[in-house]
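Visitor: This structure is in structure tokens; I'll ask about it shortly.
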Amino acid sequence: MLSTKPVGRGAQARKYDLLTALGAYALSQGKHDQRRVLRLMTLITARYNWARDELSVGGREIARMWCVDERTVKREMAHLRTRGWLVVHLQGARGRVTRYGVDWDRIVADTQPQWDAVGPDFALRMGAQDAVDTTVVPMPVKGTVVAPDVSDGTEWALAKGLMHTQDAGLYASWISGLDRAGRVGGVLTIKAPSRFHAAYVQSHLEARLLRVCQDVDGDVSEIRIVT
């Protein structure tokens, strides 16, 4: 396959092809995914630096662009990271926005079923691209770790999706078995399958889980692990 990196000779055409692939994929999905992909395409078109593979823009600016609040921006960016389409290059801190990259190889793999709908010439052109095969993602554990279902859009579902993306082995061992038990205000209650499991997560992973949940929903102030 042609390199998916849209730089050098023919870069402009590759940019259009990649955006076309995203658009065709969106149109084959339900309304929620359509809107999410449209938001990503708008963000890429307006703010993505193709040469540096860098998307550096604050949540407030994204919220204005998307006509949503900043909480929705956090959730949508978390969804895109869970899918593997956006990758964090540098985590934001006080006075500094998060820098993202776009995983075009993953996007190419995910949009491939819709190429023929655009036309045989497009499918042939995209199929000739020299991209890395991303259909098999190396995992630090034996076998394939199935990604969690994030369709309900809760803060915990998105947090589990991010943990799976960040560390599939850790997710498979300790996170996949945790379920959302409820939420009151900023306190999120998570149910573990056993006392041992709950104790381990509380001792070793609670702070990390809280950070990931806050990355998705800034109103989460505490996580409680119960059995």
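By convention here, the chains of the structure tokens are called A, B, ... in the order presented, each chain's residues are numbered starting at 1, and ligands are numbered starting at 1 in the order presented.
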Determine which residues of region 9-188 of chain A receive a DSSP assignment of helix (DSSP H, G or I), computed from the backbone, and state them as JSON, numbers by chain.
Guide: {"A": [11, 12, 13, 14, 15, 16, 17, 18, 19, 20, 21, 22, 23, 24, 25, 26, 27, 31, 32, 33, 34, 35, 36, 37, 38, 39, 40, 41, 42, 43, 44, 45, 46, 47, 59, 60, 61, 62, 63, 64, 65, 66, 70, 71, 72, 73, 74, 75, 76, 77, 78, 79, 80, 81, 82, 83, 104, 105, 106, 107, 108, 109, 110, 111, 112, 113, 114, 115, 116, 117, 118, 120, 121, 122, 123, 124, 125, 126, 127, 155, 156, 157, 158, 159, 160, 161, 162, 163, 164, 165, 166, 168, 169, 170, 171, 172, 173, 174, 175]}
Visitor: Which of region 48-211 of chain A counts as strand (DSSP E or B) under DSSP, as a list of chain:residue names please?
Guide: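 Taking region 48-211 of chain A and keeping strand (DSSP E or B) gives A:Asn49, A:Glu54, A:Leu55, A:Ser56, A:Leu86, A:Val87, A:Val88, A:His89, A:Leu90, A:Ala93, A:Arg96, A:Arg99, A:Tyr100, A:Gly101, A:Val102, A:Asp179, A:Arg180, A:Ala181, A:Gly182, A:Arg183, A:Val184, A:Val187, A:Leu188, A:Thr189, A:Ile190, A:Lys191.
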Visitor: Nearest to Gly185 (chain A): which of A:Ser221, A:Val57, A:Asp121, A:Val216 is it, counting only C-alpha atoms?
Guide: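 Selected residue with least distance to Gly185 (chain A): A:Ser221.
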Visitor: Mind checking which residues fall within 8 Å of region 168-184 of chain A, counting only C-alpha atoms, ignoring those fewer than 4 positions away in the same chain, and posting them as a list in words?
Guide: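 Surrounding residues, per the criterion: Met139, Pro140, Val141, Val145, Pro148, Trp156, Lys160, Met163, His164, Leu188, Thr189, Ile190, Lys191, Ala192, Pro193, His197 and Val201 of chain A.
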Visitor: Of the candidates A:Val88, A:Leu22, A:Val146, A:Leu124, which one gets nearest to Glu54 (chain A) if we count only C-alpha atoms?
Guide: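 Looking only at the distances to Glu54 (chain A), the closest residue turns out to be A:Val88.
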Visitor: Grab the CA of Gly161 (chain A) to CA of Trp50 (chain A) distance for me, in Å with one decimal place.
Guide: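 According to the coordinates, CA of Gly161 (chain A) and CA of Trp50 (chain A) are separated by 26.5 Å.
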Visitor: Which of these residues is nearest to Ala51 (chain A), using only C-alpha atoms: A:Val87, A:Val118, A:Val102, A:Leu80?
Guide: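 Distance minimum relative to Ala51 (chain A) lands on A:Val102.
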Visitor: CA of Pro120 (chain A) and CA of Ala21 (chain A) are how many Å apart?
Guide: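 We find that CA of Pro120 (chain A) and CA of Ala21 (chain A) lie 13.0 Å from each other.
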Visitor: Between A:Tyr100, A:Gln114, A:Phe196, A:Glu61, which one has atoms that come closest to Asn49 (chain A), using only C-alpha atoms?
Guide: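 The closest residue to Asn49 (chain A) is A:Tyr100.
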Visitor: Please measure the separation of CA of Thr72 (chain A) and CA of Ala157 (chain A), giving the value in Å to one decimal.
Guide: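 Pair CA of Thr72 (chain A) / CA of Ala157 (chain A) returns 14.8 Å.
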Visitor: When distances are computed from only C-alpha atoms, which of A:Thr227, A:Gly59, A:Thr82, A:Tyr16 shows the smallest separation from Val150 (chain A)?
Guide: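 Ranking A:Thr227, A:Gly59, A:Thr82, A:Tyr16 by distance to Val150 (chain A), first place goes to A:Thr82.
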Visitor: If we count only C-alpha atoms, what is near Ile107 (chain A) at a cut-off of 9 Å, once residues fewer than 2 positions away on the same chain are taken out, given as a PyMOL selection string?
Guide: chain A and resi 18+21-22+84-85+102-105+109-112
Visitor: Put those residues in a file: N, CA and C atoms, as a PDB file, in the first residue's frame.
Guide:
ATOM      1  N   LEU A  18      -7.603  10.334   2.245  1.00  0.00           N
ATOM      2  CA  LEU A  18      -7.799   9.944   3.628  1.00  0.00           C
ATOM      3  C   LEU A  18      -9.077  10.555   4.200  1.00  0.00           C
ATOM      4  N   ALA A  21     -12.002   8.720   2.726  1.00  0.00           N
ATOM      5  CA  ALA A  21     -12.191   7.429   3.398  1.00  0.00           C
ATOM      6  C   ALA A  21     -12.936   7.621   4.718  1.00  0.00           C
ATOM      7  N   LEU A  22     -12.570   8.652   5.460  1.00  0.00           N
ATOM      8  CA  LEU A  22     -13.269   8.943   6.719  1.00  0.00           C
ATOM      9  C   LEU A  22     -14.728   9.306   6.462  1.00  0.00           C
ATOM     10  N   GLY A  84      -8.285   4.299  18.783  1.00  0.00           N
ATOM     11  CA  GLY A  84      -6.916   4.282  18.269  1.00  0.00           C
ATOM     12  C   GLY A  84      -6.688   5.283  17.158  1.00  0.00           C
ATOM     13  N   TRP A  85      -7.680   6.115  16.849  1.00  0.00           N
ATOM     14  CA  TRP A  85      -7.529   7.102  15.775  1.00  0.00           C
ATOM     15  C   TRP A  85      -6.698   8.298  16.221  1.00  0.00           C
ATOM     16  N   VAL A 102      -2.407  11.633  14.761  1.00  0.00           N
ATOM     17  CA  VAL A 102      -3.462  10.840  14.130  1.00  0.00           C
ATOM     18  C   VAL A 102      -2.844   9.537  13.623  1.00  0.00           C
ATOM     19  N   ASP A 103      -3.413   8.419  14.017  1.00  0.00           N
ATOM     20  CA  ASP A 103      -2.925   7.118  13.554  1.00  0.00           C
ATOM     21  C   ASP A 103      -3.615   6.795  12.233  1.00  0.00           C
ATOM     22  N   TRP A 104      -3.017   7.244  11.148  1.00  0.00           N
ATOM     23  CA  TRP A 104      -3.627   7.061   9.822  1.00  0.00           C
ATOM     24  C   TRP A 104      -3.667   5.600   9.416  1.00  0.00           C
ATOM     25  N   ASP A 105      -2.692   4.806   9.857  1.00  0.00           N
ATOM     26  CA  ASP A 105      -2.713   3.378   9.528  1.00  0.00           C
ATOM     27  C   ASP A 105      -3.952   2.703  10.106  1.00  0.00           C
ATOM     28  N   ALA A 109      -7.139   1.071   7.992  1.00  0.00           N
ATOM     29  CA  ALA A 109      -7.637  -0.293   8.223  1.00  0.00           C
ATOM     30  C   ALA A 109      -9.124  -0.298   8.559  1.00  0.00           C
ATOM     31  N   ASP A 110      -9.561   0.667   9.377  1.00  0.00           N
ATOM     32  CA  ASP A 110     -10.958   0.684   9.818  1.00  0.00           C
ATOM     33  C   ASP A 110     -11.919   1.127   8.723  1.00  0.00           C
ATOM     34  N   THR A 111     -11.449   1.955   7.798  1.00  0.00           N
ATOM     35  CA  THR A 111     -12.338   2.473   6.739  1.00  0.00           C
ATOM     36  C   THR A 111     -12.339   1.614   5.478  1.00  0.00           C
ATOM     37  N   GLN A 112     -11.466   0.627   5.404  1.00  0.00           N
ATOM     38  CA  GLN A 112     -11.322  -0.175   4.176  1.00  0.00           C
ATOM     39  C   GLN A 112     -12.624  -0.780   3.655  1.00  0.00           C
TER      40      GLN A 112
END
Visitor: Choose the residue, out of A:Val73, A:Ala26, A:Leu86, A:Val220, that has the smallest atom-to-atom separation from Tyr48 (chain A); count only C-alpha atoms.
Guide: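 The shortest atom-to-atom distance to Tyr48 (chain A) comes from A:Leu86.
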